[in-house]
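S.K.: Here you go, upload_21.txt (compact mmCIF, C-alpha atoms):
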# COMPACT_ATOMS: atom_id res chain seq x y z
CA MET T 30 -25.67 72.09 0.91
CA GLY T 31 -29.40 71.54 0.96
CA ASN T 32 -29.21 69.65 -2.33
CA CYS T 33 -26.29 67.49 -1.29
CA PRO T 34 -26.88 63.78 -0.70
CA GLU T 35 -27.25 63.03 3.02
CA HIS T 36 -24.67 60.30 2.98
CA ILE T 37 -21.91 62.80 2.19
CA VAL T 38 -21.79 63.92 5.82
CA GLU T 39 -21.74 60.24 6.83
CA TYR T 40 -18.72 59.76 4.57
CA MET T 41 -17.02 62.74 6.17
CA HIS T 42 -17.26 61.10 9.57
CA ASP T 43 -16.19 57.73 8.22
CA TYR T 44 -13.22 59.50 6.68
CA LEU T 45 -12.36 61.15 10.00
CA ASP T 46 -12.62 57.76 11.72
CA GLY T 47 -10.20 56.36 9.15
CA ASP T 48 -12.87 53.83 8.30
CA ILE T 49 -13.98 54.58 4.74
CA SER T 50 -13.99 52.40 1.63
CA ARG T 51 -12.10 53.46 -1.48
CA GLU T 52 -15.24 54.09 -3.50
CA HIS T 53 -16.79 56.23 -0.78
CA GLU T 54 -13.59 58.20 -0.41
CA GLN T 55 -13.49 58.88 -4.17
CA GLU T 56 -17.11 59.98 -4.11
CA LEU T 57 -16.49 62.26 -1.11
CA LYS T 58 -13.44 63.89 -2.71
CA LYS T 59 -15.26 64.50 -5.97
CA HIS T 60 -18.17 66.03 -4.14
CA LEU T 61 -16.00 68.29 -1.99
CA GLN T 62 -14.31 69.66 -5.12
CA ARG T 63 -17.66 70.77 -6.48
CA CYS T 64 -19.45 71.84 -3.28
CA SER T 65 -18.00 74.67 -1.22
CA ASP T 66 -20.62 74.23 1.56
CA CYS T 67 -19.58 70.66 2.15
CA GLN T 68 -15.95 71.66 1.93
CA GLN T 69 -16.64 74.19 4.66
CA HIS T 70 -18.38 71.54 6.75
CA MET T 71 -15.44 69.21 6.37
CA HIS T 72 -13.01 71.92 7.38
CA GLU T 73 -15.04 72.75 10.45
CA LEU T 74 -15.06 69.12 11.54
CA SER T 75 -11.30 68.82 11.07
CA ASP T 76 -10.82 72.05 12.99
CA THR T 77 -13.03 70.76 15.78
CA ILE T 78 -10.85 67.68 16.15
CA ALA T 79 -7.68 69.76 16.08
CA PHE T 80 -9.23 72.06 18.67
CA VAL T 81 -9.99 69.25 21.15
CA LYS T 82 -6.64 67.62 20.49
CA SER T 83 -4.80 70.81 21.37
CA ALA T 84 -5.85 70.34 25.00
CA THR T 85 -2.68 70.21 27.08
CA HIS T 86 -1.88 67.18 29.13
CA VAL T 87 -2.90 67.53 32.75
CA ALA T 88 -0.86 65.59 35.28
CA ALA T 89 -2.22 64.00 38.42
CA PRO T 90 -1.70 66.14 41.54
CA LEU T 91 1.41 65.69 43.66
CA HIS T 92 1.34 62.87 46.21
CA PHE T 93 -1.70 61.42 44.49
CA GLU T 94 -0.42 57.86 44.90
CA ALA T 95 0.11 58.29 48.64
CA SER T 96 -3.37 59.71 49.17
CA VAL T 97 -4.95 56.79 47.29
CA MET T 98 -2.96 54.31 49.37
CA ALA T 99 -4.13 56.07 52.54
CA LYS T 100 -7.74 55.76 51.42
CA LEU T 101 -7.65 52.02 50.77
CA PRO T 102 -9.67 49.99 53.25
CA LYS T 103 -7.53 48.58 56.03
CA GLN T 104 -6.61 44.97 55.55
CA LYS T 105 -8.59 42.82 57.93
CA HIS T 106 -6.62 40.33 59.95
CA ARG T 107 -9.56 37.95 60.02
CA MET T 108 -9.47 37.87 56.25
CA GLY T 109 -5.85 36.77 56.48
CA VAL T 110 -6.75 33.88 58.74
CA GLN T 111 -9.59 32.84 56.48
CA LYS T 112 -7.28 32.98 53.50
CA TRP T 113 -4.69 30.90 55.34
CA LEU T 114 -7.31 28.33 56.22
CA ARG T 115 -8.44 28.16 52.62
CA GLN T 116 -4.89 27.73 51.42
CA HIS T 117 -4.04 24.84 53.75
CA PRO T 118 -6.99 22.43 53.64
CA LEU T 119 -4.85 19.35 54.37
CA LEU T 120 -3.40 20.85 57.51
CA ILE T 121 -6.86 21.76 58.73
CA ALA T 122 -8.15 18.27 58.00
CA ALA T 123 -5.24 16.77 59.93
CA ALA T 124 -5.81 19.12 62.87
CA VAL T 125 -9.52 18.32 63.00
CA PHE T 126 -8.75 14.61 62.83
CA CYS T 127 -6.26 14.81 65.71
CA LEU T 128 -8.70 16.83 67.78
CA LEU T 129 -11.52 14.34 67.33
CA MET T 130 -9.24 11.37 67.92
CA SER T 131 -7.78 12.75 71.13
CA ALA T 132 -11.27 13.69 72.30
CA THR T 133 -12.48 10.11 71.97
CA LEU T 134 -9.36 8.75 73.62
CA PHE T 135 -9.51 11.15 76.56
CA SER T 136 -13.20 10.64 77.07
CA SER T 137 -12.75 6.88 77.19
CA PHE T 138 -9.96 7.41 79.71
CA LYS T 139 -12.31 9.32 81.95
CA ASP T 140 -15.15 6.86 81.53
CA ASP T 141 -12.92 3.93 82.50
CA GLN T 142 -13.12 4.46 86.25
CA GLN T 143 -14.16 0.91 87.06
CA PHE T 144 -11.79 -1.64 88.49
CA SER T 145 -11.01 -4.46 86.09
CA VAL T 146 -8.39 -7.11 85.67
CA THR T 147 -7.48 -9.62 82.99
CA LYS T 148 -8.90 -13.00 83.84
CA GLN T 149 -6.17 -15.45 84.75
CA PRO T 150 -6.85 -18.72 86.64
CA ASN T 151 -4.61 -18.26 89.65
CA LEU T 152 -5.04 -14.55 90.47
CA VAL T 153 -6.41 -13.47 93.83
CA VAL T 154 -8.46 -10.30 93.96
CA ASP T 155 -8.69 -8.52 97.28
CA GLY T 156 -10.83 -5.41 97.02
CA GLN T 157 -9.03 -3.30 94.45
CA THR T 158 -5.76 -5.15 94.76
CA VAL T 159 -4.75 -8.03 92.54
CA ILE T 160 -2.37 -10.51 94.09
CA VAL T 161 -0.23 -13.05 92.35
CA PRO T 162 0.24 -15.49 95.27
CA LYS T 163 3.59 -16.94 96.23
CA GLY T 164 4.55 -20.07 94.35
CA GLU T 165 1.98 -19.51 91.62
CA VAL T 166 2.97 -18.97 88.01
CA VAL T 167 0.65 -16.84 85.88
CA LYS T 168 1.04 -17.56 82.20
CA GLY T 169 0.00 -14.62 80.02
CA ASP T 170 -0.33 -10.84 80.26
CA ILE T 171 -2.07 -9.05 83.10
CA VAL T 172 -3.80 -5.68 82.72
CA VAL T 173 -5.16 -4.00 85.85
CA ARG T 174 -7.37 -0.95 85.58
CA ASN T 175 -8.04 1.36 88.52
CA GLY T 176 -6.36 -1.01 90.97
CA ASP T 177 -3.01 -2.14 92.32
CA ILE T 178 -1.13 -5.33 91.73
CA VAL T 179 1.10 -7.18 94.16
CA VAL T 180 3.28 -9.80 92.61
CA GLU T 181 4.62 -12.40 95.01
CA GLY T 182 4.84 -15.32 92.61
CA GLU T 183 5.87 -15.47 88.99
CA VAL T 184 4.36 -13.89 85.89
CA ASP T 185 5.24 -15.21 82.46
CA GLY T 186 4.10 -12.16 80.47
CA ASN T 187 3.65 -8.35 80.55
CA ILE T 188 2.06 -6.45 83.41
CA THR T 189 0.22 -3.21 82.77
CA VAL T 190 -1.25 -1.12 85.56
CA ILE T 191 -3.56 1.74 84.63
CA ASN T 192 -4.34 4.23 87.39
CA GLY T 193 -2.76 2.03 89.99
CA LYS T 194 0.49 0.81 91.48
CA TYR T 195 2.74 -2.10 90.81
CA MET T 196 4.19 -3.60 93.99
CA ALA T 197 6.61 -6.48 94.09
CA SER T 198 9.18 -7.93 96.45
CA THR T 199 10.93 -10.86 94.89
CA ALA T 200 8.80 -11.14 91.83
CA MET T 201 9.71 -12.92 88.65
CA VAL T 202 8.23 -11.14 85.66
CA THR T 203 9.45 -12.23 82.26
CA GLY T 204 7.71 -9.48 80.27
CA GLN T 205 7.50 -5.68 80.58
CA ILE T 206 6.05 -3.84 83.51
CA GLU T 207 4.20 -0.62 82.88
CA GLU T 208 2.44 1.82 85.17
CA ILE T 209 0.15 4.30 83.55
CA ASN T 210 -1.24 7.11 85.67
CA GLU T 211 -1.41 10.23 83.57
CA ALA T 212 -3.64 10.78 80.63
CA PHE T 213 -0.67 11.28 78.35
CA ASP T 214 1.00 8.09 79.45
CA TRP T 215 -2.28 6.39 78.82
CA LEU T 216 -2.56 7.90 75.37
CA TRP T 217 0.96 6.74 74.59
CA TYR T 218 0.05 3.29 75.78
CA LYS T 219 -3.02 3.23 73.55
CA ILE T 220 -0.99 4.25 70.53
CA LYS T 221 1.63 1.63 71.27
CA LYS T 222 -1.07 -0.95 71.71
CA VAL T 223 -2.63 -0.08 68.37
CA THR T 224 0.71 -0.31 66.59
CA ASN T 225 1.54 -3.57 68.32
CA ASP T 226 -1.84 -4.96 67.30
CA VAL T 227 -1.26 -3.88 63.75
CA PHE T 228 2.14 -5.55 63.71
CA ALA T 229 0.70 -8.65 65.31
CA MET T 230 -1.96 -8.76 62.61
CA ASN T 231 0.65 -8.33 59.94
CA GLY T 232 2.69 -11.11 61.51
CA LYS T 233 -0.32 -13.37 61.54
CA ALA T 234 -1.11 -12.55 57.95
CA GLU T 235 2.43 -13.31 56.94
CA GLN T 236 2.35 -16.61 58.79
CA GLU T 237 -0.88 -17.53 57.09
CA ASN T 238 0.64 -16.77 53.73
CA MET A 23 4.70 46.12 31.46
CA ASP A 24 1.77 43.74 31.32
CA ALA A 25 3.78 41.03 33.04
CA LEU A 26 4.71 43.42 35.83
CA LEU A 27 1.12 44.61 36.10
CA ASN A 28 -0.23 41.07 36.33
CA LYS A 29 2.36 40.27 38.97
CA ARG A 30 1.28 43.28 41.01
CA ILE A 31 -2.39 42.32 40.64
CA ARG A 32 -1.64 38.83 41.93
CA GLN A 33 0.31 40.27 44.86
CA VAL A 34 -2.60 42.52 45.80
CA LEU A 35 -5.02 39.60 45.55
CA LYS A 36 -2.78 37.61 47.89
CA GLY A 37 -3.14 40.41 50.45
CA ASP A 38 -0.11 42.57 49.74
CA GLN A 39 -1.74 45.99 49.77
CA SER A 40 1.52 47.85 49.10
CA ALA A 41 1.75 46.27 45.63
CA PHE A 42 -1.25 48.40 44.66
CA ALA A 43 0.94 51.53 44.77
CA ASP A 44 2.62 50.50 41.51
CA ILE A 45 -0.76 50.03 39.85
CA VAL A 46 -1.77 53.52 40.95
CA SER A 47 1.42 55.09 39.64
CA LEU A 48 0.99 53.33 36.29
CA TYR A 49 -2.54 54.60 35.70
CA GLN A 50 -2.95 57.77 37.76
CA GLY A 51 -1.96 60.08 34.88
CA ARG A 52 -4.41 58.65 32.37
CA LEU A 53 -7.26 58.31 34.84
CA TYR A 54 -6.87 61.78 36.30
CA GLN A 55 -6.74 63.26 32.81
CA VAL A 56 -10.01 61.56 31.79
CA CYS A 57 -11.73 62.62 35.00
CA TYR A 58 -10.48 66.18 34.69
CA ARG A 59 -11.73 66.48 31.11
CA MET A 60 -15.05 64.87 31.98
CA LEU A 61 -15.68 67.01 35.07
CA GLY A 62 -13.76 70.20 34.28
CA ASN A 63 -12.77 70.72 37.89
CA LYS A 64 -9.49 69.79 39.55
CA GLN A 65 -10.86 69.00 42.99
CA GLU A 66 -13.68 66.85 41.66
CA ALA A 67 -11.32 65.13 39.24
CA GLU A 68 -8.99 64.25 42.11
CA ASP A 69 -11.84 62.94 44.27
CA ILE A 70 -13.28 60.80 41.51
CA THR A 71 -9.91 59.44 40.39
CA GLN A 72 -9.16 58.43 43.97
CA GLU A 73 -12.56 56.84 44.29
CA ALA A 74 -11.96 54.92 41.04
CA PHE A 75 -8.71 53.47 42.41
CA VAL A 76 -10.32 52.53 45.73
CA ARG A 77 -13.11 50.76 43.84
CA ALA A 78 -10.60 49.00 41.62
CA TYR A 79 -8.80 47.82 44.76
CA THR A 80 -11.89 46.51 46.51
CA ASN A 81 -13.23 44.84 43.36
CA LEU A 82 -9.91 43.58 42.03
CA HIS A 83 -11.00 39.96 42.52
CA THR A 84 -13.70 40.51 39.87
CA PHE A 85 -11.17 41.64 37.26
CA ASP A 86 -10.61 39.02 34.55
CA GLN A 87 -6.83 38.92 34.05
CA ASN A 88 -7.22 37.79 30.43
CA ARG A 89 -8.63 41.23 29.64
CA LYS A 90 -7.01 44.61 29.49
CA PHE A 91 -6.62 46.24 32.88
CA SER A 92 -6.69 49.75 31.40
CA THR A 93 -10.12 49.08 29.85
CA TRP A 94 -11.44 47.87 33.17
CA ILE A 95 -10.16 50.80 35.21
CA TYR A 96 -11.19 53.37 32.55
CA ARG A 97 -14.69 51.96 32.79
CA ILE A 98 -14.79 52.38 36.55
CA ALA A 99 -13.59 55.97 36.25
CA THR A 100 -15.90 57.03 33.40
CA ASN A 101 -18.92 55.51 35.13
CA LEU A 102 -18.09 57.42 38.32
CA CYS A 103 -17.71 60.63 36.29
CA ILE A 104 -21.08 60.15 34.59
CA ASP A 105 -22.72 59.52 37.97
CA ARG A 106 -21.17 62.70 39.28
CA ILE A 107 -22.28 64.75 36.26
CA ARG A 108 -25.84 63.45 36.56
CA LYS A 109 -25.96 64.19 40.28
CA LYS A 110 -24.91 67.76 39.67
CA LYS A 111 -27.88 68.29 37.37
CA PRO A 112 -30.82 69.80 39.18
CA ASP A 113 -33.55 67.23 39.67
CA TYR A 114 -36.32 69.76 40.28
CA TYR A 115 -38.93 70.74 37.74
CA LEU A 116 -37.82 73.51 35.48
CA ASP A 117 -41.17 75.24 35.36
CA ALA A 118 -41.68 75.19 39.12
CA GLU A 119 -41.69 78.67 40.57
CA VAL A 120 -38.58 79.52 42.55
CA ALA A 121 -39.40 80.12 46.20
CA GLY A 122 -39.42 83.75 47.22
CA THR A 123 -39.63 85.04 43.66
CA GLU A 124 -42.66 86.07 41.71
CA GLY A 125 -43.07 84.75 38.20
CA LEU A 126 -39.48 83.60 38.14
CA ASN A 127 -38.98 79.97 37.26
CA MET A 128 -35.99 77.77 36.60
CA TYR A 129 -36.02 78.51 32.90
CA SER A 130 -35.19 82.11 33.54
CA GLN A 131 -32.39 81.12 35.91
CA ILE A 132 -30.83 78.60 33.58
CA ALA A 133 -31.13 80.94 30.64
CA ALA A 134 -29.06 83.39 32.60
CA SER A 135 -26.47 80.94 33.91
CA GLU A 136 -25.96 78.26 31.27
CA PRO A 137 -24.12 79.29 28.10
CA LEU A 138 -21.76 82.13 28.81
CA PRO A 139 -22.09 85.39 26.86
CA VAL A 140 -20.26 85.35 23.54
CA GLN A 141 -17.95 88.14 24.57
CA GLN A 142 -16.84 86.31 27.70
CA VAL A 143 -16.19 83.12 25.74
CA GLU A 144 -14.16 84.99 23.16
CA GLU A 145 -11.95 86.37 25.89
CA MET A 146 -11.13 82.90 27.19
CA GLU A 147 -7.69 81.45 26.80
CA LEU A 148 -7.49 78.48 24.46
CA GLN A 149 -7.14 75.85 27.20
CA GLU A 150 -9.99 77.30 29.22
CA ARG A 151 -12.09 77.42 26.09
CA ILE A 152 -11.41 73.77 25.21
CA GLN A 153 -12.53 72.65 28.63
CA TYR A 154 -15.60 74.87 28.45
CA GLU A 155 -16.67 73.43 25.08
CA ILE A 156 -16.13 69.84 26.23
CA SER A 157 -18.18 70.45 29.35
CA ARG A 158 -21.08 71.70 27.22
CA LEU A 159 -21.40 68.29 25.58
CA SER A 160 -23.96 65.89 27.00
CA ASP A 161 -22.29 63.17 29.09
CA LYS A 162 -22.79 60.42 26.51
CA TYR A 163 -20.96 62.36 23.80
CA ARG A 164 -18.44 63.77 26.24
CA THR A 165 -17.18 60.35 27.31
CA ILE A 166 -16.61 59.25 23.73
CA ILE A 167 -14.95 62.52 22.64
CA VAL A 168 -12.61 62.51 25.65
CA LEU A 169 -11.62 58.86 25.20
CA LYS A 170 -11.13 59.33 21.47
CA TYR A 171 -9.34 62.69 21.23
CA ILE A 172 -7.78 63.23 24.65
CA GLU A 173 -6.81 59.62 25.39
CA GLU A 174 -6.53 58.72 21.69
CA LEU A 175 -8.05 55.27 22.16
CA SER A 176 -9.32 53.09 19.32
CA LEU A 177 -13.04 52.72 18.69
CA GLN A 178 -12.73 49.07 19.72
CA GLU A 179 -11.24 49.99 23.10
CA ILE A 180 -13.83 52.71 23.65
CA SER A 181 -16.61 50.26 22.87
CA GLU A 182 -15.25 47.92 25.54
CA ILE A 183 -14.91 50.72 28.10
CA VAL A 184 -18.45 52.05 27.63
CA ASP A 185 -19.78 48.51 27.08
CA MET A 186 -21.56 49.33 23.84
CA PRO A 187 -21.24 48.03 20.27
CA VAL A 188 -18.67 49.77 18.05
CA GLY A 189 -21.54 50.98 15.83
CA THR A 190 -23.14 52.87 18.72
CA VAL A 191 -19.77 54.38 19.68
CA LYS A 192 -19.33 55.57 16.08
CA THR A 193 -22.76 57.18 15.99
CA ARG A 194 -22.07 58.98 19.25
CA LEU A 195 -18.67 60.10 18.06
CA HIS A 196 -20.23 61.52 14.87
CA ARG A 197 -22.92 63.34 16.81
CA GLY A 198 -20.43 64.55 19.36
CA ARG A 199 -18.24 65.98 16.62
CA GLU A 200 -21.23 67.69 15.02
CA ALA A 201 -22.30 69.12 18.38
CA LEU A 202 -18.82 70.52 18.97
CA ARG A 203 -18.67 71.90 15.45
CA LYS A 204 -21.91 73.79 16.00
CA GLN A 205 -20.74 75.09 19.38
CA LEU A 206 -17.57 76.47 17.82
CA LYS A 207 -19.40 77.83 14.77
CA ASN A 208 -21.91 79.80 16.78
CA LEU A 209 -19.20 82.10 18.02
In structure tokens, what does this structure look like?
M.R.:
Amino acid sequence: MGNCPEHIVEYMHDYLDGDISREHEQELKKHLQRCSDCQQHMHELSDTIAFVKSATHVAAPLHFEASVMAKLPKQKHRMGVQKWLRQHPLLIAAAVFCLLMSATLFSSFKDDQQFSVTKQPNLVVDGQTVIVPKGEVVKGDIVVRNGDIVVEGEVDGNITVINGKYMASTAMVTGQIEEINEAFDWLWYKIKKVTNDVFAMNGKAEQEN
Amino acid sequence: MDALLNKRIRQVLKGDQSAFADIVSLYQGRLYQVCYRMLGNKQEAEDITQEAFVRAYTNLHTFDQNRKFSTWIYRIATNLCIDRIRKKKPDYYLDAEVAGTEGLNMYSQIAASEPLPVQQVEEMELQERIQYEISRLSDKYRTIIVLKYIEELSLQEISEIVDMPVGTVKTRLHRGREALRKQLKNL
């Protein structure tokens, strides 16, 4: 075999890989017919492959699947929450929005501890009590914060009392009377006010058009 | 099968750990077989195959679903096997004198323990002998020979598993075959 061209062994391997050109295959076959050493080499290689291929199939041990499953890292609950958060960005945005909004509303509720009343020409203020005197007619809405209102005359509008009491004997009130004492009531009032304002604005806009 | 596999992968990624059981049952046979042939030891093969599945589970998010899952998981397993083989090799100097012995170095020890005496090899059963000859191959040839002739994968698939060009895989396959041929001839 010492005199044989080196590429013959190359061709043997190409042949075994099933990756040999026709010309090379012809050349290899011709050479093997003449050269018993190379024929021997080729046989040994084929035998080697047959030898490895005769290895019997080994199956995975019993209960292999169960033991793998037992070894998997435990699922972390925190991961689940994070995943949920990532999957529902809109919900999170809405929740954050609500939180911030309610925070500002509640904080302004707390800050508003001062007594105040809507300015109307014929109202009498006595300490923290607003009085609509007998025989007087107040035209327009009255809002009282952190104080009480006593209506003895007439009011041509709505009365709103925040953190206070509405007292009346024979009052004439043409509009709505509201007492707001709890934070939630107050929140509700704010929301209603905003919607009313919006509608009022729309109304105005429509009138202008 | 691929549709089912992809469905299971998506389920696992969504957090359904139990869906991974089907993936294990689909691939356990092939993976264990490769590990057993690479390592030549049942206990080690079981450990490494399990480890391969655990790694596949924890790194599943890095798997590109447009590629073949078998290629990906074969790669995990063969890399773990090669790591294990290399760790088993002694990392001390061969010519260092062995403690407590005079004039005895590692060469003399390895010479005595490495290739088994011809007579003993000849007495081996065929299956034992096959495993013995495979385990004598260096790890780079062993991987290719096992994937090619035990798993019967194409050169293209093997090249993707070992992350090397097809040309390199071919060269290693040729050399691996020659190495095996010589091992068998010497007996």
S.K.: Between T:Thr147, T:Ser75, T:Ser50, T:Ser65, which is the closest to chain A once you count all atoms listed in the file?
M.R.: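 Among the listed residues, the smallest separation from chain A belongs to T:Ser75.
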S.K.: Interatomic distance between CA of Asn187 (chain T) and CA of Gly164 (chain T)?
M.R.: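 For CA of Asn187 (chain T) relative to CA of Gly164 (chain T), the distance reads 18.1 Å.
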S.K.: Per residue of chain T within 8 Å of chain A, note the shortest atom pair and the distance in Å to one decimal, counting all atoms listed in the file, and order the rows by chain and increasing residue number, as a tab-separated table.
M.R.:
residue	atom	partner	partner_atom	distance
T:His42	CA	A:His196	CA	6.1
T:Glu73	CA	A:Arg203	CA	6.2
T:Leu74	CA	A:Arg203	CA	6.0
T:Thr77	CA	A:Arg203	CA	5.8
T:Ile78	CA	A:Tyr171	CA	7.3
T:Phe80	CA	A:Ile152	CA	7.1
T:Val81	CA	A:Ile152	CA	6.2
T:Lys82	CA	A:Tyr171	CA	5.7
T:Ala84	CA	A:Gln149	CA	6.1
T:Thr85	CA	A:Gln149	CA	7.2
T:His86	CA	A:Gln55	CA	7.2
T:Val87	CA	A:Gln55	CA	5.7
T:Ala88	CA	A:Gly51	CA	5.6
T:Ala89	CA	A:Gly51	CA	5.3
T:Pro90	CA	A:Glu68	CA	7.6
T:Phe93	CA	A:Gln50	CA	7.8
T:Glu94	CA	A:Val46	CA	6.0
T:Ala95	CA	A:Ala43	CA	7.8
T:Ser96	CA	A:Gln72	CA	7.9
T:Val97	CA	A:Gln72	CA	5.6
T:Met98	CA	A:Ala43	CA	6.6
T:Lys100	CA	A:Val76	CA	7.0
T:Leu101	CA	A:Val76	CA	5.7
T:Pro102	CA	A:Thr80	CA	7.9
T:Gln104	CA	A:Gln39	CA	7.6
T:Gly109	CA	A:Gly37	CA	7.5
S.K.: I'd like the interatomic distance between CA of Leu138 (chain A) and CA of Arg158 (chain A), to a tenth of an Å.
M.R.: 10.6 Å
S.K.: Counting only C-alpha atoms, write as a ChimeraX atom specification all protein and nucleic acid residues lying at most 12 Å from (-17.4, -4.0, 88.1) in the file's frame.
M.R.: /T:141-146,156-157,174-176
S.K.: I'd like the interatomic distance between CA of Ile180 (chain A) and CA of Leu159 (chain A), to a tenth of an Å.
M.R.: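 Straight-line distance from CA of Ile180 (chain A) to CA of Leu159 (chain A) works out to 17.4 Å.
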S.K.: Smallest atom-to-atom distance to Arg89 (chain A): which of A:Glu66, A:Val34, A:Glu179, A:Pro187, using all atoms listed in the file?
M.R.: A:Glu179
S.K.: Near region 192-197 of chain T, within 12 Å and counting only C-alpha atoms, which residues show up once chain neighbours fewer than 3 positions away are dropped, as a PyMOL selection string?
M.R.: chain T and resi 138-139+141-146+157-163+171-184+188-189+200-202+205-212+214-215
S.K.: Selected residues, C-alpha atoms, written as an mmCIF file, in the coordinates of the input, please.
M.R.:
data_model
loop_
_atom_site.group_PDB
_atom_site.id
_atom_site.type_symbol
_atom_site.label_atom_id
_atom_site.label_comp_id
_atom_site.auth_asym_id
_atom_site.auth_seq_id
_atom_site.Cartn_x
_atom_site.Cartn_y
_atom_site.Cartn_z
ATOM 1 C CA PHE T 138 -9.960 7.410 79.710
ATOM 2 C CA LYS T 139 -12.310 9.320 81.950
ATOM 3 C CA ASP T 141 -12.920 3.930 82.500
ATOM 4 C CA GLN T 142 -13.120 4.460 86.250
ATOM 5 C CA GLN T 143 -14.160 0.910 87.060
ATOM 6 C CA PHE T 144 -11.790 -1.640 88.490
ATOM 7 C CA SER T 145 -11.010 -4.460 86.090
ATOM 8 C CA VAL T 146 -8.390 -7.110 85.670
ATOM 9 C CA GLN T 157 -9.030 -3.300 94.450
ATOM 10 C CA THR T 158 -5.760 -5.150 94.760
ATOM 11 C CA VAL T 159 -4.750 -8.030 92.540
ATOM 12 C CA ILE T 160 -2.370 -10.510 94.090
ATOM 13 C CA VAL T 161 -0.230 -13.050 92.350
ATOM 14 C CA PRO T 162 0.240 -15.490 95.270
ATOM 15 C CA LYS T 163 3.590 -16.940 96.230
ATOM 16 C CA ILE T 171 -2.070 -9.050 83.100
ATOM 17 C CA VAL T 172 -3.800 -5.680 82.720
ATOM 18 C CA VAL T 173 -5.160 -4.000 85.850
ATOM 19 C CA ARG T 174 -7.370 -0.950 85.580
ATOM 20 C CA ASN T 175 -8.040 1.360 88.520
ATOM 21 C CA GLY T 176 -6.360 -1.010 90.970
ATOM 22 C CA ASP T 177 -3.010 -2.140 92.320
ATOM 23 C CA ILE T 178 -1.130 -5.330 91.730
ATOM 24 C CA VAL T 179 1.100 -7.180 94.160
ATOM 25 C CA VAL T 180 3.280 -9.800 92.610
ATOM 26 C CA GLU T 181 4.620 -12.400 95.010
ATOM 27 C CA GLY T 182 4.840 -15.320 92.610
ATOM 28 C CA GLU T 183 5.870 -15.470 88.990
ATOM 29 C CA VAL T 184 4.360 -13.890 85.890
ATOM 30 C CA ILE T 188 2.060 -6.450 83.410
ATOM 31 C CA THR T 189 0.220 -3.210 82.770
ATOM 32 C CA ALA T 200 8.800 -11.140 91.830
ATOM 33 C CA MET T 201 9.710 -12.920 88.650
ATOM 34 C CA VAL T 202 8.230 -11.140 85.660
ATOM 35 C CA GLN T 205 7.500 -5.680 80.580
ATOM 36 C CA ILE T 206 6.050 -3.840 83.510
ATOM 37 C CA GLU T 207 4.200 -0.620 82.880
ATOM 38 C CA GLU T 208 2.440 1.820 85.170
ATOM 39 C CA ILE T 209 0.150 4.300 83.550
ATOM 40 C CA ASN T 210 -1.240 7.110 85.670
ATOM 41 C CA GLU T 211 -1.410 10.230 83.570
ATOM 42 C CA ALA T 212 -3.640 10.780 80.630
ATOM 43 C CA ASP T 214 1.000 8.090 79.450
ATOM 44 C CA TRP T 215 -2.280 6.390 78.820
#
S.K.: Would you please work out which residue, of T:Leu91, T:Pro34, T:Glu165, T:Leu61, is nearest to Val153 (chain T) when using only C-alpha atoms?
M.R.: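 Ranked by minimum distance to Val153 (chain T), first place goes to T:Glu165.
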S.K.: At a cut-off of 10 Å, using all atoms listed in the file, what residues contact Ile37 (chain T)? Leave out same-chain residues fewer than 3 positions from it and give the result as a list in words.
M.R.: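 Answer for this query is Cys33, Pro34, Tyr40, Met41, His42, Asp43, His53, Glu54, Glu56, Leu57, Lys58, His60, Leu61 and Cys67 of chain T.
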S.K.: For Ile191 (chain T), which residue out of T:Thr203, T:Arg63, T:Leu216, T:Val167 is the nearest one, using only C-alpha atoms?
M.R.: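 With only C-alpha atoms as the atom set, the closest residue is T:Leu216.
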S.K.: Please determine an axis-aligned box that encloses all atoms of region 44-60 of chain T listed in the file, with 6 Å added on each side, and express its centre and edge lengths in Å to one decimal as lines of an AutoDock Vina configuration file.
M.R.:
center_x = -14.2
center_y = 59.2
center_z = 2.9
size_x = 20.0
size_y = 25.6
size_z = 29.7
